[in-house]
Structure formats: C-alpha cells, structure tokens
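Below is structure-v1.pdb, holding PDB, C-alpha atoms and all ligand atoms.
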ATOM      1  CA  MET P 241       6.124  19.070  -2.789
ATOM      2  CA  GLY P 242       3.262  19.190  -5.218
ATOM      3  CA  LEU P 243       2.822  18.722  -8.883
ATOM      4  CA  THR P 244       3.660  21.684 -11.064
ATOM      5  CA  THR P 245       0.798  23.096 -13.062
ATOM      6  CA  GLY P 246      -0.134  25.415 -15.921
ATOM      7  CA  SER P 247       2.607  26.020 -18.433
ATOM      8  CA  SER P 248       5.116  24.120 -16.323
ATOM      9  CA  PRO P 249       7.109  21.235 -17.812
ATOM     10  CA  SER P 250       5.555  17.861 -18.390
ATOM     11  CA  ILE P 251       5.315  15.635 -15.347
ATOM     12  CA  PHE P 252       7.158  12.959 -17.271
ATOM     13  CA  PRO P 253      10.500  14.600 -18.095
ATOM     14  CA  GLU P 254      13.444  12.579 -19.382
ATOM     15  CA  VAL P 255      15.501  13.436 -16.338
ATOM     16  CA  LEU P 256      13.348  11.201 -14.154
ATOM     17  CA  SER P 257      14.347   8.169 -16.141
ATOM     18  CA  THR P 258      17.531   7.619 -14.177
ATOM     19  CA  ARG P 259      15.944   8.260 -10.826
ATOM     20  CA  ASN P 260      15.410   4.685  -9.875
ATOM     21  CA  ASP P 261      16.839   2.172 -12.289
ATOM     22  CA  ARG P 262      14.996  -0.893 -11.143
ATOM     23  CA  ASN P 263      15.582  -2.759 -14.371
ATOM     24  CA  ARG P 264      18.785  -3.887 -12.697
ATOM     25  CA  GLY P 265      16.940  -4.745  -9.515
ATOM     26  CA  PRO P 266      16.298  -8.168  -8.075
ATOM     27  CA  VAL P 267      13.884 -10.585  -9.615
ATOM     28  CA  ASN P 268      11.155 -10.722  -7.035
ATOM     29  CA  ASN P 269      10.282 -13.921  -5.337
ATOM     30  CA  ASP P 270      13.661 -15.421  -6.197
ATOM     31  CA  ILE P 271      13.901 -18.465  -3.995
ATOM     32  CA  LEU P 272      17.111 -17.331  -2.287
ATOM     33  CA  LEU P 273      15.646 -13.921  -1.511
ATOM     34  CA  VAL P 274      12.550 -15.536  -0.017
ATOM     35  CA  GLU P 275      14.612 -17.958   2.072
ATOM     36  CA  LYS P 276      16.718 -15.106   3.419
ATOM     37  CA  ALA P 277      13.574 -13.096   4.212
ATOM     38  CA  GLN P 278      12.069 -16.099   5.959
ATOM     39  CA  ARG P 279      15.113 -16.400   8.212
ATOM     40  CA  LEU P 280      14.918 -12.692   9.077
ATOM     41  CA  VAL P 281      11.194 -12.831   9.862
ATOM     42  CA  ARG P 282      11.502 -16.062  11.873
ATOM     43  CA  GLY P 283      14.427 -14.555  13.783
ATOM     44  CA  ILE P 284      12.118 -12.062  15.457
ATOM     45  CA  ALA P 285      10.848 -13.583  18.683
ATOM     46  CA  THR P 286       7.864 -11.285  19.091
ATOM     47  CA  LEU P 287       6.357 -10.782  15.681
ATOM     48  CA  PRO P 288       3.607  -8.171  15.411
ATOM     49  CA  THR P 289       0.194  -9.753  15.394
ATOM     50  CA  ILE P 290      -2.973  -8.795  13.589
ATOM     51  CA  PRO P 291      -5.512  -8.139  16.351
ATOM     52  CA  ALA P 292      -7.781 -11.147  16.864
ATOM     53  CA  ILE P 293     -10.806  -8.932  16.380
ATOM     54  CA  CYS P 294      -9.872  -8.394  12.724
ATOM     55  CA  LEU P 295      -9.842 -12.119  12.054
ATOM     56  CA  ARG P 296     -13.151 -12.555  13.884
ATOM     57  CA  VAL P 297     -14.765  -9.782  11.849
ATOM     58  CA  SER P 298     -13.496 -11.461   8.644
ATOM     59  CA  THR P 299     -14.934 -14.797   9.736
ATOM     60  CA  LEU P 300     -18.304 -13.211  10.524
ATOM     61  CA  LEU P 301     -18.361 -11.421   7.176
ATOM     62  CA  ASP P 302     -17.573 -14.664   5.354
ATOM     63  CA  SER P 303     -20.739 -16.244   6.681
ATOM     64  CA  PRO P 304     -23.614 -16.270   4.163
ATOM     65  CA  THR P 305     -26.019 -15.156   6.897
ATOM     66  CA  VAL P 306     -23.911 -12.357   8.314
ATOM     67  CA  ASP P 307     -25.601 -10.362  11.059
ATOM     68  CA  LEU P 308     -24.596  -6.686  10.940
ATOM     69  CA  GLN P 309     -25.441  -6.234  14.613
ATOM     70  CA  LYS P 310     -22.973  -8.972  15.562
ATOM     71  CA  VAL P 311     -20.274  -7.284  13.485
ATOM     72  CA  ALA P 312     -21.083  -3.952  15.137
ATOM     73  CA  ASP P 313     -20.980  -5.493  18.636
ATOM     74  CA  LEU P 314     -17.602  -7.037  17.900
ATOM     75  CA  ILE P 315     -16.070  -3.805  16.638
ATOM     76  CA  LEU P 316     -17.645  -1.829  19.498
ATOM     77  CA  SER P 317     -15.760  -4.047  21.961
ATOM     78  CA  ASP P 318     -12.595  -2.231  20.851
ATOM     79  CA  GLN P 319     -12.885   1.536  21.405
ATOM     80  CA  VAL P 320      -9.808   2.481  19.380
ATOM     81  CA  LEU P 321     -10.996   0.395  16.435
ATOM     82  CA  THR P 322     -14.486   1.899  16.670
ATOM     83  CA  ALA P 323     -13.118   5.459  16.642
ATOM     84  CA  ARG P 324     -10.881   4.684  13.670
ATOM     85  CA  VAL P 325     -13.655   3.096  11.613
ATOM     86  CA  VAL P 326     -15.810   6.205  12.169
ATOM     87  CA  LYS P 327     -12.864   8.464  11.209
ATOM     88  CA  ILE P 328     -12.181   6.538   8.014
ATOM     89  CA  VAL P 329     -15.814   6.602   6.944
ATOM     90  CA  ASN P 330     -15.830  10.403   7.351
ATOM     91  CA  SER P 331     -12.566  10.808   5.411
ATOM     92  CA  PRO P 332     -12.187  11.950   1.795
ATOM     93  CA  LEU P 333     -12.005   8.268   0.913
ATOM     94  CA  PHE P 334     -15.770   7.934   1.305
ATOM     95  CA  ARG P 335     -17.061  11.513   1.385
ATOM     96  CA  PRO P 336     -20.417  11.065   3.152
ATOM     97  CA  LEU P 337     -22.813  13.974   2.610
ATOM     98  CA  HIS P 338     -23.255  14.390   6.362
ATOM     99  CA  GLU P 339     -20.915  13.513   9.179
ATOM    100  CA  ILE P 340     -21.404   9.944  10.390
ATOM    101  CA  THR P 341     -21.071   9.707  14.138
ATOM    102  CA  SER P 342     -22.218   6.197  15.054
ATOM    103  CA  LEU P 343     -20.542   2.906  14.243
ATOM    104  CA  ARG P 344     -23.786   1.283  13.148
ATOM    105  CA  HIS P 345     -24.484   4.111  10.712
ATOM    106  CA  ALA P 346     -20.880   3.808   9.473
ATOM    107  CA  LEU P 347     -21.305   0.070   8.829
ATOM    108  CA  VAL P 348     -24.559   0.553   6.957
ATOM    109  CA  TYR P 349     -22.993   3.346   4.898
ATOM    110  CA  LEU P 350     -19.892   1.301   4.079
ATOM    111  CA  GLY P 351     -21.696  -1.900   3.216
ATOM    112  CA  LEU P 352     -20.421  -5.392   3.972
ATOM    113  CA  ARG P 353     -17.809  -5.463   1.205
ATOM    114  CA  ARG P 354     -15.923  -2.505   2.594
ATOM    115  CA  ILE P 355     -16.109  -3.267   6.325
ATOM    116  CA  ASN P 356     -13.467  -5.951   6.029
ATOM    117  CA  GLU P 357     -10.999  -3.668   4.270
ATOM    118  CA  ILE P 358     -11.515  -0.855   6.783
ATOM    119  CA  VAL P 359     -11.088  -3.144   9.783
ATOM    120  CA  LEU P 360      -7.966  -4.600   8.177
ATOM    121  CA  SER P 361      -6.561  -1.069   7.617
ATOM    122  CA  CYS P 362      -7.063  -0.207  11.268
ATOM    123  CA  SER P 363      -5.670  -3.522  12.454
ATOM    124  CA  LEU P 364      -2.475  -3.085  10.475
ATOM    125  CA  ILE P 365      -1.828   0.259  12.102
ATOM    126  CA  GLN P 366      -2.542  -1.316  15.478
ATOM    127  CA  ALA P 367      -0.174  -4.237  14.792
ATOM    128  CA  PHE P 368       2.802  -1.924  14.502
ATOM    129  CA  GLU P 369       2.017   0.973  16.777
ATOM    130  CA  ASP P 370       3.173  -0.741  19.973
ATOM    131  CA  GLY P 371       6.590  -1.422  18.460
ATOM    132  CA  ASP P 372       9.319   1.196  18.539
ATOM    133  CA  ALA P 373      10.086   2.076  14.955
ATOM    134  CA  GLY P 374      12.443   4.893  15.908
ATOM    135  CA  PHE P 375      10.773   6.577  12.981
ATOM    136  CA  ASP P 376       7.482   8.311  12.388
ATOM    137  CA  LEU P 377       5.319   5.539  10.990
ATOM    138  CA  ARG P 378       2.842   8.127   9.796
ATOM    139  CA  THR P 379       5.000   8.591   6.689
ATOM    140  CA  PHE P 380       4.571   4.927   5.865
ATOM    141  CA  TRP P 381       0.869   4.937   6.404
ATOM    142  CA  GLN P 382       0.486   8.101   4.362
ATOM    143  CA  HIS P 383       2.309   6.291   1.573
ATOM    144  CA  SER P 384       0.266   3.144   2.024
ATOM    145  CA  PHE P 385      -3.127   4.864   2.222
ATOM    146  CA  GLY P 386      -2.054   7.121  -0.653
ATOM    147  CA  VAL P 387      -1.119   4.198  -2.898
ATOM    148  CA  GLY P 388      -4.286   2.314  -1.855
ATOM    149  CA  ILE P 389      -6.526   5.273  -2.665
ATOM    150  CA  ILE P 390      -4.782   5.982  -5.987
ATOM    151  CA  ALA P 391      -4.889   2.308  -7.009
ATOM    152  CA  GLY P 392      -8.604   2.216  -6.154
ATOM    153  CA  LYS P 393      -9.251   5.340  -8.218
ATOM    154  CA  MET P 394      -7.358   3.937 -11.186
ATOM    155  CA  ALA P 395      -9.292   0.684 -10.905
ATOM    156  CA  GLN P 396     -12.551   2.645 -11.005
ATOM    157  CA  LEU P 397     -11.481   4.826 -13.948
ATOM    158  CA  LEU P 398     -10.249   1.825 -15.908
ATOM    159  CA  ALA P 399     -13.339  -0.265 -15.146
ATOM    160  CA  TYR P 400     -11.363  -2.900 -13.254
ATOM    161  CA  PRO P 401     -14.062  -4.739 -11.303
ATOM    162  CA  GLU P 402     -12.369  -5.278  -7.925
ATOM    163  CA  ARG P 403     -11.768  -1.757  -6.750
ATOM    164  CA  GLU P 404     -12.019  -2.572  -3.033
ATOM    165  CA  LYS P 405      -9.445  -5.323  -3.267
ATOM    166  CA  VAL P 406      -7.043  -3.101  -5.167
ATOM    167  CA  TYR P 407      -7.311  -0.547  -2.362
ATOM    168  CA  VAL P 408      -6.309  -3.202   0.180
ATOM    169  CA  TYR P 409      -3.425  -4.356  -2.033
ATOM    170  CA  GLY P 410      -2.153  -0.779  -2.162
ATOM    171  CA  LEU P 411      -2.462  -0.437   1.570
ATOM    172  CA  LEU P 412      -0.478  -3.625   2.155
ATOM    173  CA  HIS P 413       2.178  -3.417  -0.548
ATOM    174  CA  ASN P 414       4.964  -2.053   1.671
ATOM    175  CA  ILE P 415       4.217  -3.991   4.818
ATOM    176  CA  GLY P 416       7.751  -5.434   4.605
ATOM    177  CA  LYS P 417       9.183  -1.934   4.954
ATOM    178  CA  VAL P 418       7.170  -1.214   8.084
ATOM    179  CA  PHE P 419       8.462  -4.480   9.523
ATOM    180  CA  LEU P 420      12.006  -3.602   8.502
ATOM    181  CA  CYS P 421      12.158  -0.242  10.238
ATOM    182  CA  SER P 422      10.341  -1.565  13.305
ATOM    183  CA  TYR P 423      12.189  -4.858  13.861
ATOM    184  CA  LEU P 424      15.451  -4.748  11.911
ATOM    185  CA  LYS P 425      16.726  -1.327  12.888
ATOM    186  CA  PRO P 426      20.486  -1.771  12.285
ATOM    187  CA  GLU P 427      19.774  -3.078   8.765
ATOM    188  CA  TRP P 428      17.312  -0.245   8.198
ATOM    189  CA  ALA P 429      19.926   2.347   9.237
ATOM    190  CA  ARG P 430      22.537   0.796   6.897
ATOM    191  CA  ILE P 431      20.084   0.788   3.986
ATOM    192  CA  ILE P 432      19.192   4.444   4.514
ATOM    193  CA  ARG P 433      22.915   5.324   4.685
ATOM    194  CA  LEU P 434      23.612   3.497   1.426
ATOM    195  CA  VAL P 435      20.735   5.280  -0.287
ATOM    196  CA  GLU P 436      21.735   8.699   1.020
ATOM    197  CA  GLU P 437      25.506   8.450   0.759
ATOM    198  CA  LYS P 438      26.053   6.157  -2.235
ATOM    199  CA  GLY P 439      22.954   7.018  -4.216
ATOM    200  CA  CYS P 440      21.843   3.351  -4.352
ATOM    201  CA  THR P 441      18.240   2.546  -5.130
ATOM    202  CA  PHE P 442      16.368   1.327  -2.057
ATOM    203  CA  LEU P 443      16.078  -2.195  -3.485
ATOM    204  CA  ASP P 444      19.795  -2.402  -4.310
ATOM    205  CA  ALA P 445      20.671  -1.133  -0.837
ATOM    206  CA  GLU P 446      18.400  -3.795   0.695
ATOM    207  CA  ILE P 447      20.092  -6.551  -1.323
ATOM    208  CA  LYS P 448      23.565  -5.306  -0.354
ATOM    209  CA  THR P 449      22.613  -5.085   3.312
ATOM    210  CA  MET P 450      20.364  -8.105   3.874
ATOM    211  CA  GLY P 451      20.495 -10.250   0.762
ATOM    212  CA  THR P 452      16.758  -9.747   0.352
ATOM    213  CA  THR P 453      14.206  -6.930   0.015
ATOM    214  CA  HIS P 454      11.073  -5.612   1.691
ATOM    215  CA  CYS P 455       9.054  -7.388  -1.036
ATOM    216  CA  GLU P 456      10.110 -10.850   0.154
ATOM    217  CA  ILE P 457      10.015  -9.810   3.829
ATOM    218  CA  GLY P 458       6.455  -8.564   3.305
ATOM    219  CA  LEU P 459       5.572 -11.819   1.556
ATOM    220  CA  CYS P 460       6.828 -13.907   4.506
ATOM    221  CA  LEU P 461       5.051 -11.697   7.031
ATOM    222  CA  ALA P 462       1.780 -11.849   5.092
ATOM    223  CA  ARG P 463       2.032 -15.644   4.930
ATOM    224  CA  GLN P 464       2.736 -15.752   8.646
ATOM    225  CA  TRP P 465      -0.470 -13.772   9.152
ATOM    226  CA  ASN P 466      -2.361 -16.192   6.903
ATOM    227  CA  PHE P 467      -3.333 -13.473   4.472
ATOM    228  CA  PRO P 468      -4.997 -14.714   1.297
ATOM    229  CA  GLU P 469      -2.457 -15.749  -1.343
ATOM    230  CA  GLU P 470      -3.590 -12.960  -3.692
ATOM    231  CA  TYR P 471      -2.460 -10.366  -1.105
ATOM    232  CA  CYS P 472       0.902 -12.144  -0.724
ATOM    233  CA  HIS P 473       1.317 -12.150  -4.491
ATOM    234  CA  VAL P 474       0.897  -8.373  -4.849
ATOM    235  CA  ILE P 475       3.219  -7.690  -1.907
ATOM    236  CA  ALA P 476       5.921  -9.910  -3.442
ATOM    237  CA  TYR P 477       5.785  -8.422  -6.940
ATOM    238  CA  HIS P 478       4.803  -4.789  -6.407
ATOM    239  CA  HIS P 479       8.146  -3.571  -7.786
ATOM    240  CA  ALA P 480       8.217  -5.987 -10.715
ATOM    241  CA  PRO P 481       4.675  -6.595 -12.023
ATOM    242  CA  ALA P 482       5.871  -8.062 -15.324
ATOM    243  CA  ASN P 483       7.744 -10.778 -13.387
ATOM    244  CA  ALA P 484       4.594 -11.935 -11.601
ATOM    245  CA  PRO P 485       3.891 -15.472 -12.797
ATOM    246  CA  ARG P 486       0.108 -14.916 -12.828
ATOM    247  CA  ASN P 487      -2.551 -12.330 -12.098
ATOM    248  CA  GLN P 488      -0.353  -9.431 -13.198
ATOM    249  CA  LEU P 489      -3.104  -6.850 -13.554
ATOM    250  CA  PRO P 490      -3.706  -5.941  -9.887
ATOM    251  CA  VAL P 491       0.066  -5.949  -9.305
ATOM    252  CA  ALA P 492       0.483  -3.526 -12.217
ATOM    253  CA  LEU P 493      -2.257  -1.253 -10.853
ATOM    254  CA  VAL P 494      -0.501  -1.044  -7.477
ATOM    255  CA  ASN P 495       2.871  -0.504  -9.178
ATOM    256  CA  LEU P 496       1.536   2.406 -11.235
ATOM    257  CA  ALA P 497      -0.263   3.878  -8.221
ATOM    258  CA  ASP P 498       3.061   3.683  -6.376
ATOM    259  CA  ILE P 499       4.793   5.545  -9.215
ATOM    260  CA  PHE P 500       2.071   8.193  -9.231
ATOM    261  CA  TYR P 501       2.336   8.660  -5.496
ATOM    262  CA  THR P 502       6.122   8.754  -5.396
ATOM    263  CA  THR P 503       7.063  10.528  -8.567
ATOM    264  CA  CYS P 504       4.160  12.732  -9.513
ATOM    265  CA  LEU P 505       3.337  13.842  -6.015
ATOM    266  CA  GLY P 506       6.990  14.044  -4.969
ATOM    267  CA  MET P 507       6.440  11.897  -1.933
ATOM    268  CA  ASP P 508       8.869   9.437  -0.314
ATOM    269  CA  GLU P 509      11.097   7.216  -2.381
ATOM    270  CA  ASP P 510       9.619   3.779  -2.678
ATOM    271  CA  SER P 511       9.124   3.520  -6.346
ATOM    272  CA  GLY P 512       9.969   5.408  -9.467
ATOM    273  CA  TRP P 513      10.454   5.253 -13.164
ATOM    274  CA  THR P 514      12.085   2.412 -15.002
ATOM    275  CA  SER P 515      11.674   4.268 -18.289
ATOM    276  CA  SER P 516      11.459   7.843 -19.514
ATOM    277  CA  ASN P 517       7.756   7.665 -20.101
ATOM    278  CA  LEU P 518       4.875   6.242 -18.096
ATOM    279  CA  THR P 519       3.520   4.472 -21.155
ATOM    280  CA  GLU P 520       6.811   2.570 -21.424
ATOM    281  CA  GLU P 521       6.624   1.262 -17.872
ATOM    282  CA  PRO P 522       6.347  -2.542 -17.600
ATOM    283  CA  ALA P 523       3.128  -2.064 -15.600
ATOM    284  CA  TRP P 524       1.602  -0.072 -18.448
ATOM    285  CA  PHE P 525       2.288  -2.900 -20.910
ATOM    286  CA  VAL P 526       0.704  -5.388 -18.527
ATOM    287  CA  MET P 527      -2.408  -3.241 -18.233
ATOM    288  CA  ARG P 528      -2.713  -2.567 -21.955
ATOM    289  CA  LYS P 529      -3.197  -6.261 -22.574
ATOM    290  CA  SER P 530      -6.475  -6.420 -20.675
ATOM    291  CA  LEU P 531      -7.798  -2.932 -19.889
ATOM    292  CA  PRO P 532      -9.074  -1.276 -23.081
ATOM    293  CA  ALA P 533     -10.109   1.825 -21.094
ATOM    294  CA  LEU P 534      -6.406   2.609 -20.705
ATOM    295  CA  ASP P 535      -6.411   4.195 -24.178
ATOM    296  CA  ASP P 536      -8.577   7.029 -22.819
ATOM    297  CA  PHE P 537      -6.628   7.435 -19.584
ATOM    298  CA  ASP P 538      -4.781  10.749 -19.379
ATOM    299  CA  PRO P 539      -1.919  10.322 -16.854
ATOM    300  CA  GLU P 540      -1.066  14.022 -16.610
ATOM    301  CA  ARG P 541      -4.629  14.966 -15.867
ATOM    302  CA  PHE P 542      -4.962  12.120 -13.374
ATOM    303  CA  ALA P 543      -1.788  13.231 -11.564
ATOM    304  CA  PHE P 544      -3.107  16.800 -11.451
ATOM    305  CA  GLU P 545      -6.365  15.608  -9.859
ATOM    306  CA  LEU P 546      -4.459  13.525  -7.317
ATOM    307  CA  GLU P 547      -2.718  16.575  -5.949
ATOM    308  CA  GLU P 548      -6.034  17.715  -4.532
ATOM    309  CA  GLU P 549      -6.388  14.441  -2.632
ATOM    310  CA  MET P 550      -3.144  14.702  -0.702
ATOM    311  CA  PRO P 551      -4.229  17.024   2.136
ATOM    312  CA  GLY P 552      -7.161  14.664   2.807
ATOM    313  CA  ILE P 553      -4.882  11.610   2.930
ATOM    314  CA  ARG P 554      -2.470  13.352   5.319
ATOM    315  CA  LYS P 555      -5.333  14.453   7.556
ATOM    316  CA  LEU P 556      -6.814  10.954   7.611
ATOM    317  CA  VAL P 557      -3.531   9.368   8.710
ATOM    318  CA  ASN P 558      -2.913  12.038  11.339
ATOM    319  CA  ASP P 559      -6.443  11.545  12.691
ATOM    320  CA  LEU P 560      -6.015   7.765  12.776
ATOM    321  CA  PHE P 561      -2.846   8.090  14.843
ATOM    322  CA  MET P 562      -4.558  10.335  17.332
ATOM    323  CA  GLY P 563      -6.580   7.332  18.493
TER     324      GLY P 563
HETATM  325 FE    FE Y 601       7.939  -1.102  -2.065
HETATM  326 FE    FE Y 602       5.209   2.006  -2.358
END

Can you dump the structure from the file as structure tokens?
Ligand SMILES: [Fe+2]
Ligand SMILES: [Fe+2]
Amino acid sequence: MGLTTGSSPSIFPEVLSTRNDRNRGPVNNDILLVEKAQRLVRGIATLPTIPAICLRVSTLLDSPTVDLQKVADLILSDQVLTARVVKIVNSPLFRPLHEITSLRHALVYLGLRRINEIVLSCSLIQAFEDGDAGFDLRTFWQHSFGVGIIAGKMAQLLAYPEREKVYVYGLLHNIGKVFLCSYLKPEWARIIRLVEEKGCTFLDAEIKTMGTTHCEIGLCLARQWNFPEEYCHVIAYHHAPANAPRNQLPVALVNLADIFYTTCLGMDEDSGWTSSNLTEEPAWFVMRKSLPALDDFDPERFAFELEEEMPGIRKLVNDLFMG
C-alpha cells in the first residue's frame, strides 16, 4: 500500500493516533525486562553467529594502515558475501552511474567507511538464513533496510554528521524480532495471535507473552555478539527514544524513520504514532533540541519522496536473498 497523493487527505490524520498507543508501553531497558530477555537468549543452545569474516573485515578496517587488497581478498574468500556486496553497491542505495561488476571496483566506489556497514548488513542476513523462521524473513529485511535507508536520508537532510552509522542503526533496530521468530516460535505465534485477535500492540503482546520485548532481546543478542555499545543502545530504545539515558538523537532518528516506514508507507506493524501529529512525537522533541535544520523539514513531502524508494528496497532485498 502506498502513500496517497494529490488532493488526498493529509498523511497525518487524527485517526492514526490510536493505532499504536505506546505511551502505555514498557519502559525500555527496565532491569527486569533485560533479565528476562537474557534468560531467553541464553536458553538457546545454538545462537546464530555473525560470520567470522565480518569481524575480520572490521579488524582490518580498524587498522590505521588498512590495505584495501587485503580486505578484498578476505571478502573474495566468501562467494555469497562477494555477490551480495556487489548487489548492494549497484542498488538504489548507492546509485552508481554505471554498473559495478567487480568487488575491487565496488570497494573503491564505497570507500572504507561504508565497507564495514555493507559487510555487516550481509553478515546479519547470513546469520539468520540457516535457521528456520517458519516465516519469510524477507519482510523483516525489507523493514530493516527500509528503516536504515530512511534514517540515513533523514540524517543527510538534517545535517546529522554520522549518516553511515544511522543507516546501520536502522538496519539493526529490530534484530530482536528476527531472533524471536527464528528461535522462539511458540512465543512468536502467541504474540501474533494476541495482536490479531485482541488488537494488542506488538509490545504489549510481547510483555504479556514473554515478560519482555524484542528491544531487550535485541540488546542481549547484540551484546552477545560484542557489538559496540552505541548499537546496543539504539536497539534497546528504538521504541522509546525519550527514555534513552544518553545519546538520544540517533535513537530518535531511527524511531522517526520507523514511523515513516510503517505508517506513511503502510508497511508492516512495528512502530506507529504515539500522538496525532508527527511534530508531537517524543522523537521529534528530542530532535528539535539539537537539529536546527528540522524547522525546514517537510514530513509530508519527505514521505511522498520515500514512496519512490520502495520498489528499489524490495528489489534489493529480493536480490540479496537470491544469493
Ligand atoms: Fe521494533
Ligand atoms: Fe521497526
């Protein structure tokens, strides 16, 4: 479902205000929720792993004298990873003028700062694709890539300096949900039933079913994978940016990107309005404090432009899953 255009109603109608009342939702990172999540994550004997190659690429890129050829050789040792990196670089995310067919050319085009994020994207998909989700994970990755791309675009428009990082945060924000449907299937089925039959919000249904949410589960998984603390922070607070004890801005960017993806583009239900107006969202208040460019940001126009991006995002995810 796309965004309505022309003389159609505003994209921010009052009726959406009751769609997902997360003001009543859990306070993220509550110690009991985290403890419960930790027990659930530790209870899985065979946790998904981030491919070793991803960590080795990160280590190489961290070195002050990084050798691009070494990075290329490492990635080339994994054919699936190589094919995916080339597909991502040719996607609407990067829009090269001419098709890039070699890995080396792709790495030069991307530059060192972006290689890490691309390899991480591919590794995350790889970490879960051997599991049996009993569900088409493409929907999740479409959501995740969509939120990552939108968050990155907002960061650029609003002159937030760390656009690449914000993209990765968006990509990772729902990692707890991917874990949930892959490794905690009975709980997942109960949550979906509660949402569909009782009209619960997803977060409320998670609390009723497990005593925790995908935010805390994602946090525990990210810590298990030794992700940098800033990634863990965004994962934990992506539904409640104003509750984040520090560094609220990137969390707010991901939260708003999530709302744009879910509500404006009519995609799957991960996030939604807490108010009747985008400018009354907690994330908006957080951003107003430190991003002056927000005054010139036109949400309706931005949402309209995003609609054009969706076919590209869907195609990218489909291509990535084809190997
Ligand atoms: Fe979420
Ligand atoms: Fe989301």

(request) Residues up to 10 Å from ligand FE 602 (chain Y), counting all atoms listed in the file: could you list those as number ranges by chain? (result) P: 380, 383-388, 410-415, 417, 475, 478-479, 494-502, 507-512

(request) Between P:Asp313, P:Glu402, P:Glu456, P:Glu437, single out the one closest to ligand FE 601 (chain Y), counting all atoms listed in the file. (result) P:Glu456

(request) Please write the residues picked by the PyMOL selection byres (((chain P and resi 463-468) around 10) and not hetatm) on this file as a PyMOL selection string. (result) chain P and resi 278+281-282+287-290+295+457-462+469-473

Evaluated on this file, the PyMOL selection byres (((chain P and resi 360) around 9) and not hetatm) picks out some residues - which ones are they, written as a JSON list (two decimals) with C-alpha atoms, in the coordinates of the input?
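Listed below is the output, part.json:
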[["chain", "number", "residue", "atom", "x", "y", "z"],
["P", 290, "ILE", "CA", -2.97, -8.80, 13.59],
["P", 294, "CYS", "CA", -9.87, -8.39, 12.72],
["P", 295, "LEU", "CA", -9.84, -12.12, 12.05],
["P", 298, "SER", "CA", -13.50, -11.46, 8.64],
["P", 355, "ILE", "CA", -16.11, -3.27, 6.32],
["P", 356, "ASN", "CA", -13.47, -5.95, 6.03],
["P", 357, "GLU", "CA", -11.00, -3.67, 4.27],
["P", 358, "ILE", "CA", -11.52, -0.86, 6.78],
["P", 359, "VAL", "CA", -11.09, -3.14, 9.78],
["P", 361, "SER", "CA", -6.56, -1.07, 7.62],
["P", 362, "CYS", "CA", -7.06, -0.21, 11.27],
["P", 363, "SER", "CA", -5.67, -3.52, 12.45],
["P", 364, "LEU", "CA", -2.48, -3.08, 10.48],
["P", 365, "ILE", "CA", -1.83, 0.26, 12.10],
["P", 408, "VAL", "CA", -6.31, -3.20, 0.18]]

(request) Name the residues in contact with Pro336 in chain P at a cut-off of 12 Å, using only C-alpha atoms, excluding same-chain residues fewer than 6 positions from it; report them as a list in words. (result)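 Within the cut-off, the hits are Val326, Lys327, Ile328, Val329, Asn330, His345, Ala346, Val348, Tyr349 and Leu350 of chain P.
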
(message) Between CA of Arg433 in chain P and CA of Leu280 in chain P, what is the distance in Å, rounded to a tenth?
(response)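 Distance between the two atoms: 20.2 Å.
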
Starting from 6 Å padding per side, set up an axis-aligned box that covers all listed atoms of range 410-426 of chain P and hand over centre and edge lengths in Å, one decimal, as AutoDock Vina command-line options.
--center_x 9.0 --center_y -2.8 --center_z 5.8 --size_x 34.9 --size_y 17.2 --size_z 28.0

(request) Please check which residues have atoms at most 10 Å from (-3.9, 9.7, 11.4) in the file's coordinates, counting only C-alpha atoms, and write them as an MDAnalysis selection string. (result) chainID P and resid 324 327:328 365 378 381:382 553:563
